[in-house]
>>> print(open('structure_36.txt').read())   # compact mmCIF, C-alpha atoms
# COMPACT_ATOMS: atom_id res chain seq x y z
CA MET V 26 32.24 10.02 -8.50
CA ASP V 27 33.53 9.58 -4.93
CA LYS V 28 35.81 12.06 -3.20
CA THR V 29 38.92 9.89 -3.55
CA GLU V 30 38.48 9.70 -7.32
CA GLN V 31 37.71 13.41 -7.55
CA ASP V 32 40.83 14.28 -5.56
CA ARG V 33 42.93 12.10 -7.86
CA LEU V 34 41.63 14.01 -10.86
CA LYS V 35 42.24 17.37 -9.20
CA LYS V 36 45.81 16.35 -8.37
CA GLU V 37 46.53 15.32 -11.97
CA ALA V 38 45.25 18.63 -13.34
CA ALA V 39 47.19 20.56 -10.70
CA GLU V 40 50.46 18.79 -11.50
CA LYS V 41 50.00 19.55 -15.21
CA ALA V 42 49.56 23.25 -14.38
CA ALA V 43 52.60 23.25 -12.09
CA SER V 44 54.73 21.89 -14.93
CA MET V 45 53.90 25.06 -16.91
CA VAL V 46 55.32 27.45 -14.30
CA LYS V 47 58.76 28.84 -15.20
CA SER V 48 61.49 30.23 -12.98
CA GLY V 49 61.56 34.02 -12.82
CA MET V 50 57.78 34.39 -13.13
CA ILE V 51 55.52 36.55 -11.02
CA LEU V 52 52.90 33.94 -10.21
CA GLY V 53 49.31 34.37 -9.09
CA VAL V 54 47.92 31.52 -7.01
CA GLY V 55 44.22 31.09 -6.38
CA THR V 56 42.37 29.22 -3.70
CA GLY V 57 40.37 26.04 -3.28
CA SER V 58 40.89 22.30 -3.09
CA THR V 59 42.35 21.91 -6.59
CA VAL V 60 44.76 24.81 -6.06
CA ALA V 61 45.95 23.16 -2.83
CA PHE V 62 47.23 20.27 -4.96
CA PHE V 63 48.84 22.81 -7.31
CA ILE V 64 50.70 24.43 -4.41
CA ASP V 65 51.98 21.03 -3.27
CA ALA V 66 53.23 20.41 -6.80
CA LEU V 67 54.97 23.79 -6.81
CA GLY V 68 56.74 22.82 -3.60
CA LYS V 69 58.00 19.63 -5.22
CA ARG V 70 59.29 21.58 -8.22
CA LYS V 71 61.09 23.99 -5.89
CA ASP V 72 62.79 21.12 -4.10
CA ASN V 73 63.46 18.86 -7.09
CA ASP V 74 63.91 21.30 -10.01
CA GLY V 75 65.18 24.42 -8.24
CA LEU V 76 62.12 26.46 -9.27
CA LYS V 77 62.64 30.10 -8.25
CA LEU V 78 59.86 32.63 -8.63
CA LYS V 79 60.32 36.39 -8.78
CA ALA V 80 57.19 36.87 -6.68
CA ILE V 81 53.97 35.13 -5.70
CA VAL V 82 50.62 36.74 -4.95
CA THR V 83 47.65 34.76 -3.73
CA THR V 84 43.93 35.16 -3.22
CA SER V 85 43.45 33.68 0.25
CA ASN V 86 45.13 33.36 3.62
CA ARG V 87 44.83 29.59 3.35
CA SER V 88 46.88 29.50 0.13
CA LYS V 89 49.32 32.01 1.58
CA LYS V 90 49.99 29.83 4.62
CA GLN V 91 50.41 26.71 2.50
CA LEU V 92 52.89 28.51 0.23
CA GLU V 93 54.86 29.93 3.15
CA ASP V 94 54.97 26.54 4.85
CA LEU V 95 56.66 25.24 1.68
CA GLY V 96 59.26 28.02 1.80
CA PHE V 97 57.77 30.48 -0.72
CA LYS V 98 57.66 34.22 0.00
CA VAL V 99 54.22 35.70 -0.70
CA SER V 100 53.80 39.34 -1.78
CA GLU V 101 50.78 41.64 -1.91
CA LEU V 102 49.21 42.36 -5.29
CA ALA V 103 49.93 46.07 -4.78
CA ASP V 104 53.65 45.26 -4.54
CA VAL V 105 53.95 43.79 -8.05
CA ASP V 106 53.56 45.47 -11.42
CA GLN V 107 51.79 42.68 -13.31
CA VAL V 108 51.33 38.96 -12.79
CA ASP V 109 52.79 36.74 -15.52
CA LEU V 110 50.55 33.74 -14.88
CA THR V 111 47.66 33.07 -12.52
CA VAL V 112 46.56 29.52 -11.77
CA ASP V 113 43.22 29.11 -10.05
CA GLY V 114 40.21 26.84 -9.87
CA SER V 115 36.68 27.59 -10.99
CA ASP V 116 33.30 26.55 -9.67
CA ARG V 117 31.86 26.23 -13.17
CA VAL V 118 33.37 26.54 -16.65
CA ALA V 119 31.26 26.99 -19.79
CA ASP V 120 32.15 25.83 -23.30
CA ASN V 121 33.50 29.30 -24.14
CA LEU V 122 35.73 29.28 -21.00
CA ASP V 123 33.61 31.81 -19.11
CA GLY V 124 33.29 30.89 -15.46
CA ILE V 125 31.56 31.29 -12.13
CA LYS V 126 33.93 31.77 -9.20
CA GLY V 127 33.58 32.78 -5.59
CA GLY V 128 32.27 29.65 -3.94
CA GLY V 129 34.96 30.10 -1.30
CA GLY V 130 34.09 33.77 -0.78
CA ALA V 131 37.31 35.24 -2.23
CA LEU V 132 35.83 36.53 -5.50
CA THR V 133 36.94 40.17 -5.09
CA LEU V 134 40.61 39.39 -4.61
CA GLU V 135 40.42 36.60 -7.21
CA LYS V 136 39.12 39.00 -9.83
CA ASN V 137 41.66 41.69 -8.95
CA VAL V 138 44.51 39.22 -9.38
CA ALA V 139 42.97 37.88 -12.59
CA ILE V 140 42.48 41.26 -14.24
CA ASN V 141 46.13 42.10 -13.56
CA SER V 142 47.48 38.86 -15.07
CA LYS V 143 48.97 38.33 -18.51
CA LYS V 144 47.67 34.75 -18.65
CA ILE V 145 45.06 32.83 -16.65
CA ILE V 146 44.84 29.06 -16.34
CA TRP V 147 42.03 27.31 -14.49
CA ILE V 148 42.46 23.77 -13.25
CA VAL V 149 39.30 21.70 -12.79
CA ASP V 150 37.94 18.19 -12.84
CA GLU V 151 35.23 17.35 -15.34
CA SER V 152 32.43 17.85 -12.80
CA LYS V 153 32.87 21.63 -13.18
CA LEU V 154 32.14 21.64 -16.92
CA VAL V 155 28.83 22.96 -18.26
CA HIS V 156 27.68 24.00 -21.72
CA ARG V 157 26.39 27.33 -20.37
CA LEU V 158 26.89 28.83 -16.93
CA SER V 159 24.61 26.93 -14.57
CA GLY V 160 24.47 24.54 -11.65
CA PHE V 161 26.12 26.86 -9.14
CA PRO V 162 24.83 29.98 -7.32
CA LEU V 163 26.37 33.23 -8.55
CA PRO V 164 28.11 35.07 -5.67
CA VAL V 165 27.70 38.83 -5.37
CA GLU V 166 29.71 40.66 -2.70
CA VAL V 167 27.77 43.63 -1.32
CA LEU V 168 28.40 46.45 1.13
CA PRO V 169 26.56 46.06 4.45
CA ILE V 170 25.29 49.67 4.28
CA SER V 171 22.97 48.95 1.35
CA CYS V 172 22.77 45.17 1.31
CA GLU V 173 19.06 45.03 2.15
CA GLN V 174 18.22 47.28 -0.80
CA ASN V 175 20.43 45.16 -3.07
CA PHE V 176 18.68 42.01 -1.91
CA LYS V 177 15.24 43.48 -2.64
CA ARG V 178 16.30 44.66 -6.10
CA PHE V 179 17.72 41.27 -6.99
CA LYS V 180 14.49 39.63 -5.85
CA GLN V 181 12.43 42.02 -7.98
CA GLU V 182 14.63 41.15 -10.97
CA GLY V 183 13.85 37.45 -10.51
CA LEU V 184 17.44 36.58 -9.64
CA LYS V 185 16.43 34.44 -6.61
CA PRO V 186 18.83 35.98 -4.05
CA GLN V 187 19.92 34.07 -0.96
CA TRP V 188 22.13 35.29 1.87
CA ARG V 189 25.31 33.28 2.25
CA MET V 190 25.39 32.09 5.82
CA ASP V 191 28.11 31.09 8.26
CA GLY V 192 26.19 29.02 10.76
CA ASP V 193 23.33 31.21 11.97
CA LYS V 194 25.02 34.48 10.93
CA ARG V 195 25.67 36.06 7.56
CA TYR V 196 28.96 35.13 5.99
CA ILE V 197 31.51 37.98 6.18
CA THR V 198 34.15 38.33 3.49
CA HIS V 199 37.83 39.20 3.91
CA TYR V 200 36.85 42.83 3.30
CA GLY V 201 34.02 42.87 5.85
CA ASN V 202 31.18 42.59 3.34
CA TYR V 203 28.29 40.17 2.81
CA ILE V 204 27.65 37.77 -0.05
CA ILE V 205 24.31 37.37 -1.78
CA ASP V 206 24.17 34.19 -3.86
CA LEU V 207 21.92 34.44 -6.91
CA ALA V 208 20.18 31.13 -7.55
CA ALA V 209 18.80 31.97 -11.02
CA ASP V 210 19.79 28.92 -13.05
CA PRO V 211 21.07 28.92 -15.71
CA VAL V 212 22.68 32.36 -15.45
CA PRO V 213 20.51 34.63 -17.61
CA ALA V 214 22.48 36.51 -20.30
CA PRO V 215 25.86 36.45 -18.48
CA HIS V 216 27.30 39.58 -20.13
CA GLY V 217 24.07 41.51 -19.58
CA LEU V 218 23.87 40.40 -15.96
CA ALA V 219 27.54 41.29 -15.40
CA ASP V 220 26.91 44.77 -16.78
CA TYR V 221 23.84 45.17 -14.54
CA LEU V 222 25.81 44.12 -11.44
CA ASP V 223 28.79 46.30 -12.39
CA HIS V 224 26.48 49.32 -12.41
CA THR V 225 24.56 48.49 -9.23
CA VAL V 226 25.53 50.76 -6.34
CA GLY V 227 26.52 48.72 -3.30
CA VAL V 228 27.86 45.78 -5.29
CA VAL V 229 31.57 45.36 -4.62
CA GLU V 230 32.16 42.49 -7.05
CA HIS V 231 30.45 39.48 -8.60
CA GLY V 232 31.53 35.98 -9.53
CA LEU V 233 31.06 36.17 -13.30
CA PHE V 234 34.53 35.79 -14.80
CA LEU V 235 33.87 36.50 -18.46
CA ASP V 236 36.42 36.74 -21.28
CA MET V 237 39.26 36.31 -18.77
CA CYS V 238 40.45 32.72 -18.84
CA ASP V 239 43.01 31.74 -21.49
CA GLU V 240 43.29 28.02 -20.82
CA VAL V 241 41.53 25.34 -18.81
CA ILE V 242 43.24 22.12 -17.75
CA ILE V 243 40.61 19.43 -17.23
CA ALA V 244 41.09 16.09 -15.54
CA HIS V 245 38.64 13.51 -16.89
CA SER V 246 37.40 10.44 -15.06
CA ASP V 247 38.93 8.18 -17.72
CA GLY V 248 42.36 9.38 -16.59
CA THR V 249 43.01 11.76 -19.48
CA ILE V 250 44.05 15.39 -19.11
CA GLU V 251 42.54 17.85 -21.58
CA ASP V 252 43.79 21.35 -22.40
CA LYS V 253 41.19 23.78 -23.70
CA ILE V 254 42.72 26.97 -25.06
CA LYS V 255 40.72 30.04 -25.96
>>> encode(input="structure_36.txt", output="structure tokens")
Amino acid sequence: MDKTEQDRLKKEAAEKAASMVKSGMILGVGTGSTVAFFIDALGKRKDNDGLKLKAIVTTSNRSKKQLEDLGFKVSELADVDQVDLTVDGSDRVADNLDGIKGGGGALTLEKNVAINSKKIIWIVDESKLVHRLSGFPLPVEVLPISCEQNFKRFKQEGLKPQWRMDGDKRYITHYGNYIIDLAADPVPAPHGLADYLDHTVGVVEHGLFLDMCDEVIIAHSDGTIEDKIK
């Protein structure tokens, strides 16, 4: 599938998700190329349908700027009680709607917004679908103070760690941390691995989003849009 076709699919899924947003909502907006189409569709609904949102929180500066350029006011997560609906992308989605996220490096904020949302919708094209979580490195955000020890432990566990790089330097997250991408593929025992990472000192967050997503909107190459609901 070429990029033009993939972008067309992303746009179709994004527009479907935008049609589900209601005035008065506190809306969570993720990040990534598919979400960029979603934000454009929100802007059209604001101009054409008079869509008015109580508040918007987002997971990246890029999404924040795009929203503000379209006339939306963006709030901090700490300033809202609970998010009614979060719309985001996902790097991989399994049959049971578990996902891997964090390819763009915003996994910590993405998970914080997700866990404080009443409903989560992911918008993807069919290339992101897998039967079990695989085909994409699992991001783990780690504190610099103990990152070397974390890397060694992950290597000893057979998780095939790799430093995420930004040119010739280690990638630095929004919070000043590093990311170790785990290349074990497929992800071994996702719930067990999530529990292991959750209890590893020095790990800030990981990209396993398990039992969180409520609905996935999928754009297929044949032009159809599929809704998968948990």
>>> atom_distance(input="structure_36.txt", atom1="CA of Gly114 in chain V", atom2="CA of Met45 in chain V")
15.5 Å
>>> closest_residue(input="structure_36.txt", among="V:Thr111, V:Asn86, V:Asp27, V:Ile204", to="Phe63 in chain V", atoms="all atoms listed in the file")
V:Thr111
>>> closest_residue(input="structure_36.txt", among="V:Lys89, V:Arg189, V:Asp206, V:Val165", to="Asp223 in chain V", atoms="all atoms listed in the file")
V:Val165
>>> residues_around(input="structure_36.txt", residues="Leu134 in chain V", least_positions_apart="4", cutoff="9 Å", atoms="all atoms listed in the file", output="NGL selection string")
:V and (83-85 or 138-139 or 199)
>>> axis_aligned_box(input="structure_36.txt", around="range 49-67 of chain V", padding_each_side="5 Å", output="lines of an AutoDock Vina configuration file")
center_x = 51.0
center_y = 28.4
center_z = -8.0
size_x = 31.2
size_y = 26.3
size_z = 20.3
>>> atom_distance(input="structure_36.txt", atom1="CA of Ile125 in chain V", atom2="CA of Ala38 in chain V")
18.7 Å
>>> residues_around(input="structure_36.txt", residues="Asn121 in chain V", least_positions_apart="6", cutoff="10 Å", atoms="only C-alpha atoms", output="VMD selection string")
chain V and resid 155 to 158 235 to 236 238 253 to 255
>>> atom_distance(input="structure_36.txt", atom1="CA of Gln187 in chain V", atom2="CA of Leu222 in chain V")
15.7 Å
